[in-house]
file target15.txt (compact mmCIF, C-alpha atoms)
# COMPACT_ATOMS: atom_id res chain seq x y z
CA MET A 1 -14.34 -1.47 -14.08
CA ALA A 2 -18.04 -2.14 -13.62
CA SER A 3 -20.25 -1.89 -16.68
CA PRO A 4 -23.50 0.11 -16.42
CA THR A 5 -25.38 -3.15 -15.98
CA ASP A 6 -23.16 -4.13 -13.02
CA VAL A 7 -23.79 -0.75 -11.46
CA THR A 8 -27.55 -1.06 -11.73
CA THR A 9 -27.37 -4.57 -10.32
CA ALA A 10 -25.18 -3.52 -7.40
CA ALA A 11 -27.31 -0.49 -6.61
CA ALA A 12 -30.45 -2.58 -6.63
CA ALA A 13 -28.87 -5.63 -5.05
CA ASP A 14 -30.14 -4.80 -1.57
CA ASP A 15 -26.91 -6.17 -0.15
CA PRO A 16 -25.91 -4.21 2.97
CA ASP A 17 -22.31 -5.33 2.65
CA THR A 18 -21.93 -3.84 -0.83
CA GLY A 19 -23.97 -0.77 0.02
CA LEU A 20 -22.21 0.10 3.29
CA ARG A 21 -18.77 -0.52 1.81
CA ALA A 22 -19.63 1.83 -1.03
CA ILE A 23 -20.71 4.56 1.41
CA ARG A 24 -17.48 4.26 3.34
CA ALA A 25 -15.48 4.48 0.10
CA LEU A 26 -17.49 7.53 -0.94
CA ARG A 27 -16.73 9.25 2.39
CA ASP A 28 -13.01 8.53 1.97
CA LEU A 29 -13.09 9.91 -1.53
CA ALA A 30 -15.08 12.98 -0.53
CA ASP A 31 -12.68 13.68 2.34
CA ARG A 32 -9.67 13.59 0.06
CA LEU A 33 -11.28 15.77 -2.56
CA GLU A 34 -12.34 18.20 0.15
CA VAL A 35 -8.75 18.53 1.37
CA LEU A 36 -7.57 19.26 -2.18
CA GLN A 37 -10.33 21.75 -2.92
CA VAL A 38 -10.10 23.59 0.37
CA SER A 39 -6.35 24.07 0.11
CA SER A 40 -6.76 25.20 -3.49
CA ALA A 41 -9.43 27.70 -2.43
CA ARG A 42 -7.19 29.03 0.38
CA ALA A 43 -4.30 29.35 -2.08
CA ARG A 44 -6.57 31.47 -4.27
CA GLY A 45 -7.42 33.73 -1.37
CA TRP A 46 -10.84 32.46 -0.36
CA SER A 47 -11.78 33.23 3.25
CA TRP A 48 -12.76 30.45 5.64
CA GLN A 49 -16.27 31.92 5.62
CA GLN A 50 -16.54 31.64 1.84
CA ILE A 51 -15.33 28.04 1.92
CA ALA A 52 -17.71 27.19 4.76
CA ASP A 53 -20.64 28.70 2.86
CA ALA A 54 -19.76 26.74 -0.26
CA LEU A 55 -19.52 23.50 1.72
CA GLY A 56 -22.65 24.24 3.72
CA VAL A 57 -20.94 23.95 7.10
CA SER A 58 -19.96 26.41 9.81
CA ARG A 59 -16.81 28.50 9.52
CA GLN A 60 -15.52 26.98 12.78
CA ALA A 61 -16.01 23.46 11.46
CA VAL A 62 -14.09 24.03 8.25
CA HIS A 63 -11.33 25.96 10.02
CA LYS A 64 -10.90 23.31 12.68
CA LYS A 65 -10.73 20.56 10.07
CA HIS A 66 -8.43 22.22 7.58
CA ALA A 67 -6.32 24.91 9.23
CA THR A 68 -3.19 22.87 9.85
CA SER A 69 -0.30 25.07 8.89
CA ARG A 70 0.54 28.34 10.59
CA ARG A 71 -0.08 30.46 7.50
CA ASP A 72 -3.68 29.27 7.57
CA ARG A 73 -4.40 30.74 10.99
CA MET B 74 15.91 -2.27 21.13
CA PHE B 75 17.55 -0.60 18.11
CA GLU B 76 21.07 -1.35 19.36
CA ARG B 77 20.77 -4.81 17.85
CA PHE B 78 19.82 -3.41 14.43
CA THR B 79 22.36 -3.38 11.64
CA ARG B 80 22.91 -0.13 9.78
CA GLU B 81 20.79 -1.43 6.91
CA ALA B 82 17.94 -2.36 9.22
CA ARG B 83 18.04 1.08 10.85
CA GLN B 84 17.98 2.60 7.39
CA VAL B 85 14.82 0.59 6.64
CA VAL B 86 13.14 2.04 9.73
CA VAL B 87 14.16 5.57 8.74
CA MET B 88 13.01 5.05 5.14
CA ALA B 89 9.67 3.67 6.35
CA GLN B 90 9.16 6.98 8.19
CA ALA B 91 9.99 8.86 5.01
CA GLN B 92 7.61 6.72 2.95
CA ALA B 93 4.79 7.27 5.42
CA ARG B 94 5.39 11.02 5.39
CA TRP B 95 5.58 11.10 1.61
CA LEU B 96 2.24 9.26 1.39
CA HIS B 97 0.78 11.64 3.98
CA ALA B 98 -0.02 8.82 6.34
CA GLU B 99 -0.70 9.56 9.98
CA GLN B 100 1.32 6.62 11.20
CA VAL B 101 4.11 4.40 9.94
CA GLU B 102 2.12 1.38 8.83
CA PRO B 103 3.52 -2.09 8.09
CA VAL B 104 3.14 -1.40 4.37
CA HIS B 105 5.59 1.51 4.73
CA LEU B 106 8.13 -0.93 6.15
CA LEU B 107 7.49 -3.08 3.08
CA LEU B 108 8.08 -0.11 0.78
CA ALA B 109 11.30 0.74 2.59
CA LEU B 110 12.47 -2.86 2.41
CA THR B 111 12.09 -2.97 -1.38
CA ALA B 112 14.87 -0.39 -1.68
CA ASP B 113 17.11 -2.10 0.89
CA PRO B 114 20.45 -3.37 -0.49
CA GLY B 115 20.62 -6.14 2.14
CA ARG B 116 19.06 -9.55 2.63
CA GLY B 117 15.48 -8.31 3.09
CA GLY B 118 15.46 -6.21 -0.07
CA GLN B 119 17.14 -8.94 -2.07
CA ALA B 120 14.49 -11.47 -1.07
CA LEU B 121 11.69 -9.07 -2.01
CA ARG B 122 13.18 -8.15 -5.37
CA ALA B 123 13.83 -11.82 -6.16
CA THR B 124 10.08 -12.41 -6.03
CA GLY B 125 9.36 -9.37 -8.21
CA ALA B 126 8.49 -6.93 -5.41
CA ASP B 127 10.56 -3.83 -6.22
CA LEU B 128 9.78 -0.28 -5.12
CA GLY B 129 7.88 0.66 -8.27
CA SER B 130 5.68 -2.41 -8.34
CA VAL B 131 4.85 -2.20 -4.62
CA GLU B 132 4.02 1.49 -4.99
CA ALA B 133 1.77 0.71 -7.94
CA ALA B 134 0.08 -2.19 -6.15
CA LEU B 135 -0.46 -0.01 -3.11
CA ALA B 136 -1.94 2.78 -5.21
CA ARG B 137 -4.28 0.26 -6.82
CA SER B 138 -5.45 -1.35 -3.60
CA ASN B 139 -4.73 1.97 -1.95
CA GLY B 140 -5.37 1.31 1.72
CA ALA B 141 -8.42 3.48 2.09
CA LEU B 142 -9.83 4.25 -1.34
CA ASP B 143 -11.91 1.26 -2.30
CA ALA B 144 -12.09 1.24 -6.10
CA ASP B 145 -14.33 -1.84 -6.29
CA ALA B 146 -16.88 -0.44 -3.87
CA LEU B 147 -16.95 2.85 -5.77
CA ALA B 148 -17.33 1.00 -9.07
CA ALA B 149 -20.37 -0.76 -7.62
CA ILE B 150 -22.16 2.58 -7.33
CA GLY B 151 -20.98 3.83 -10.69
CA ILE B 152 -17.90 5.85 -9.76
CA ASP B 153 -14.76 5.22 -11.79
CA LEU B 154 -11.97 5.93 -9.32
CA ASP B 155 -9.42 6.04 -12.12
CA GLN B 156 -11.35 8.86 -13.76
CA VAL B 157 -11.64 10.76 -10.49
CA ARG B 158 -7.93 10.23 -9.87
CA ALA B 159 -7.05 11.45 -13.38
CA ALA B 160 -9.18 14.57 -12.89
CA ALA B 161 -7.65 15.31 -9.47
CA GLU B 162 -4.14 14.81 -10.83
CA SER B 163 -4.71 17.06 -13.83
CA ALA B 164 -5.81 19.83 -11.45
CA PHE B 165 -3.51 19.23 -8.47
CA GLY B 166 -0.55 17.23 -9.78
CA PRO B 167 0.54 13.60 -9.78
CA GLY B 168 -0.55 11.55 -6.79
CA ALA B 169 -2.78 14.36 -5.47
CA LEU B 170 -5.67 12.09 -4.58
CA ASP B 171 -3.55 9.32 -3.12
CA ARG B 172 -1.49 11.61 -0.96
CA GLY B 173 -4.69 12.60 0.80
CA GLY B 174 -3.45 16.16 1.12
CA ARG B 175 -2.68 16.22 4.83
CA GLU B 176 0.20 18.37 5.98
CA PRO B 177 3.18 16.17 6.74
CA SER B 178 4.42 16.58 10.27
CA GLY B 179 7.84 15.88 11.74
CA HIS B 180 7.88 12.58 13.55
CA LEU B 181 5.26 9.99 12.75
CA PRO B 182 4.35 7.38 15.35
CA PHE B 183 4.63 3.71 14.49
CA ALA B 184 1.30 1.94 14.10
CA ASP B 185 0.75 -1.09 16.33
CA GLY B 186 1.32 -3.45 13.42
CA SER B 187 4.70 -1.85 12.68
CA LYS B 188 5.77 -2.03 16.33
CA ARG B 189 4.83 -5.67 16.38
CA ALA B 190 6.78 -6.26 13.16
CA LEU B 191 9.93 -4.86 14.78
CA GLU B 192 9.34 -6.90 17.93
CA GLU B 193 8.86 -10.00 15.78
CA SER B 194 12.14 -9.28 13.98
CA LEU B 195 13.90 -9.31 17.34
CA ARG B 196 12.12 -12.52 18.30
CA HIS B 197 13.13 -13.97 14.94
CA VAL B 198 16.86 -13.53 15.59
CA LEU B 199 16.58 -14.67 19.21
CA ARG B 200 15.07 -17.91 17.95
CA SER B 201 17.86 -18.44 15.44
CA LYS B 202 20.66 -20.87 16.16
CA LEU B 203 23.31 -18.23 15.65
CA ARG B 204 25.77 -17.56 18.41
CA ARG B 205 24.68 -14.87 20.75
CA ARG B 206 27.01 -12.19 19.41
CA ALA B 207 25.94 -12.91 15.83
CA ARG B 208 22.30 -12.31 16.69
CA VAL B 209 21.81 -8.92 15.07
CA ILE B 210 18.68 -7.69 13.37
CA ASP B 211 19.44 -7.22 9.70
CA SER B 212 16.95 -6.24 7.00
CA GLY B 213 16.14 -9.91 6.45
CA ALA B 214 15.03 -10.20 10.05
CA VAL B 215 12.92 -7.06 9.62
CA LEU B 216 11.25 -8.66 6.60
CA ALA B 217 10.68 -11.88 8.56
CA GLY B 218 9.16 -9.85 11.40
CA LEU B 219 6.93 -7.98 8.98
CA LEU B 220 5.69 -11.21 7.45
CA ALA B 221 5.03 -12.70 10.90
CA VAL B 222 2.56 -9.92 11.66
CA GLY B 223 0.34 -10.74 8.67
CA ASP B 224 -0.89 -7.19 8.07
CA PRO B 225 -3.86 -7.27 5.65
CA VAL B 226 -2.58 -4.40 3.45
CA VAL B 227 0.85 -6.00 3.13
CA ARG B 228 -0.77 -9.33 2.33
CA ARG B 229 -2.95 -7.77 -0.34
CA VAL B 230 -0.04 -5.94 -1.96
CA LEU B 231 2.09 -9.09 -2.04
CA GLN B 232 -0.79 -11.04 -3.46
CA GLN B 233 -1.25 -8.48 -6.24
CA LEU B 234 2.41 -8.92 -7.11
CA GLY B 235 1.93 -12.67 -7.37
CA THR B 236 3.91 -13.54 -4.28
CA ASP B 237 3.18 -14.25 -0.62
CA ALA B 238 4.74 -14.60 2.81
CA ASP B 239 5.69 -18.25 2.33
CA ARG B 240 7.58 -17.59 -0.90
CA LEU B 241 9.40 -14.69 0.72
CA ARG B 242 10.33 -16.77 3.75
CA GLY B 243 11.68 -19.35 1.32
CA GLN B 244 13.75 -16.64 -0.37
CA LEU B 245 15.09 -15.46 2.98
CA GLY B 246 16.06 -19.03 3.84
CA ASP B 247 17.91 -19.43 0.55
CA ALA B 248 19.68 -16.13 1.02
CA SER B 249 20.92 -17.00 4.50
CA ALA B 250 22.02 -20.46 3.34
CA ALA B 251 24.03 -18.93 0.50
call {"tool": "encode", "arguments": {"input": "target15.txt", "output": "structure tokens"}}
result
Amino acid sequence: MASPTDVTTAAAADDPDTGLRAIRALRDLADRLEVLQVSSARARGWSWQQIADALGVSRQAVHKKHATSRRDR
Amino acid sequence: MFERFTREARQVVVMAQAQARWLHAEQVEPVHLLLALTADPGRGGQALRATGADLGSVEAALARSNGALDADALAAIGIDLDQVRAAAESAFGPGALDRGGREPSGHLPFADGSKRALEESLRHVLRSKLRRRARVIDSGAVLAGLLAVGDPVVRRVLQQLGTDADRLRGQLGDASAA
């Protein structure tokens, strides 16, 4: 695990390789968390519109991305 | 091509499918063949376990290196993946983050690397000096084929377990000599 000093160094390191790799990892992580949160919201009865509003995207976008099983349609 | 596969080797292919589905992968990757091989009772599984690569340790190594989630890169920008994983698991159950959450579907296609691994296992037995009728693909040949492909995830997992392709090939050689 990186110490706070490592983090500051990495963030300020101006190394595209480190920076771009971190962004890709962040996207992966965000995608996975999104899947978990969206299915949890659906299980609690949220509408696609409510989820879309919370994520700041269109209802079509969130539905297309996450409506995989028949009960979701 | 599966007519040359022994029952054990077929079982490895089936288990690799199951592993991929369980991990919510979109394709059967070479590392899923590796996972399936660790539980194989035959020559391939024996060679793996002899070098310390059993199902639990490969699963753990895979979760650590974790294909997509890049813990080191996240650490570099101040995100502790272990903490995020712990939080996700306390809310959504064990393995929630690593399963990715996709709906598992029926049949998963084999990734190119896995197809090549199976082709290499066939090539491996065709190269052997065995008599033609003895040239069947057992789980050892599947392991040899998998190693021949040199998939980066498989290599990383083996490396984490303190072994590598050469050592495993050595094990396979010993096993077939015995």
call {"tool": "atom_distance", "arguments": {"input": "target15.txt", "atom1": "atom CA of Gly223 of chain B", "atom2": "atom CA of Asp28 of chain A"}}
result
24.4 Å
call {"tool": "residues_around", "arguments": {"input": "target15.txt", "residues": "Leu195 of chain B", "least_positions_apart": "5", "cutoff": "9 Å", "atoms": "only C-alpha atoms", "output": "number ranges by chain"}}
result
B: 74, 77-78, 190, 200, 208-210, 214-215, 218
call {"tool": "closest_atom_pairs", "arguments": {"input": "target15.txt", "of": "chain B", "to": "chain A", "cutoff": "6 Å", "atoms": "only C-alpha atoms", "output": "JSON lines"}}
result
{"residue": "B:Leu142", "atom": "CA", "partner": "A:Ala25", "partner_atom": "CA", "distance": 5.8}
{"residue": "B:Asp143", "atom": "CA", "partner": "A:Ala25", "partner_atom": "CA", "distance": 5.4}
{"residue": "B:Ala146", "atom": "CA", "partner": "A:Ala22", "partner_atom": "CA", "distance": 4.6}
{"residue": "B:Leu147", "atom": "CA", "partner": "A:Ala22", "partner_atom": "CA", "distance": 5.5}
{"residue": "B:Ala148", "atom": "CA", "partner": "A:Ala2", "partner_atom": "CA", "distance": 5.6}
{"residue": "B:Ala149", "atom": "CA", "partner": "A:Val7", "partner_atom": "CA", "distance": 5.1}
{"residue": "B:Ile150", "atom": "CA", "partner": "A:Val7", "partner_atom": "CA", "distance": 5.6}
{"residue": "B:Gly151", "atom": "CA", "partner": "A:Val7", "partner_atom": "CA", "distance": 5.4}
{"residue": "B:Gly173", "atom": "CA", "partner": "A:Arg32", "partner_atom": "CA", "distance": 5.1}
{"residue": "B:Gly174", "atom": "CA", "partner": "A:Val35", "partner_atom": "CA", "distance": 5.8}
call {"tool": "atom_distance", "arguments": {"input": "target15.txt", "atom1": "atom CA of Arg204 of chain B", "atom2": "atom CA of Gly115 of chain B"}}
result
20.5 Å
call {"tool": "residues_around", "arguments": {"input": "target15.txt", "residues": "Glu81 of chain B", "least_positions_apart": "5", "cutoff": "9 Å", "atoms": "all atoms listed in the file", "output": "PDB file with C-alpha atoms, in the coordinates of the input"}}
result
ATOM      1  CA  VAL B  86      13.140   2.040   9.730  1.00  0.00           C
ATOM      2  CA  ASP B 113      17.110  -2.100   0.890  1.00  0.00           C
ATOM      3  CA  PRO B 114      20.450  -3.370  -0.490  1.00  0.00           C
ATOM      4  CA  GLY B 115      20.620  -6.140   2.140  1.00  0.00           C
ATOM      5  CA  ASP B 211      19.440  -7.220   9.700  1.00  0.00           C
ATOM      6  CA  SER B 212      16.950  -6.240   7.000  1.00  0.00           C
TER       7      SER B 212
END
call {"tool": "closest_residue", "arguments": {"input": "target15.txt", "among": "B:Val198, B:Ala169, B:Ala161, B:Leu128", "to": "Gly213 of chain B", "atoms": "only C-alpha atoms"}}
result
B:Val198
call {"tool": "residues_around", "arguments": {"input": "target15.txt", "residues": "Asp127 of chain B", "least_positions_apart": "2", "cutoff": "12 Å", "atoms": "only C-alpha atoms", "output": "PyMOL selection string"}}
result
chain B and resi 107-114+117-125+129-134+230-231+234+236
call {"tool": "atom_distance", "arguments": {"input": "target15.txt", "atom1": "atom CA of Leu216 of chain B", "atom2": "atom CA of Ser194 of chain B"}}
result
7.5 Å
call {"tool": "residues_around", "arguments": {"input": "target15.txt", "residues": "Ala238 of chain B", "least_positions_apart": "6", "cutoff": "10 Å", "atoms": "all atoms listed in the file", "output": "list in words"}}
result
Leu216, Ala217, Leu219, Leu220, Ala221, Gly223, Val227, Arg228, Leu231, Gln232 and Gln244 of chain B
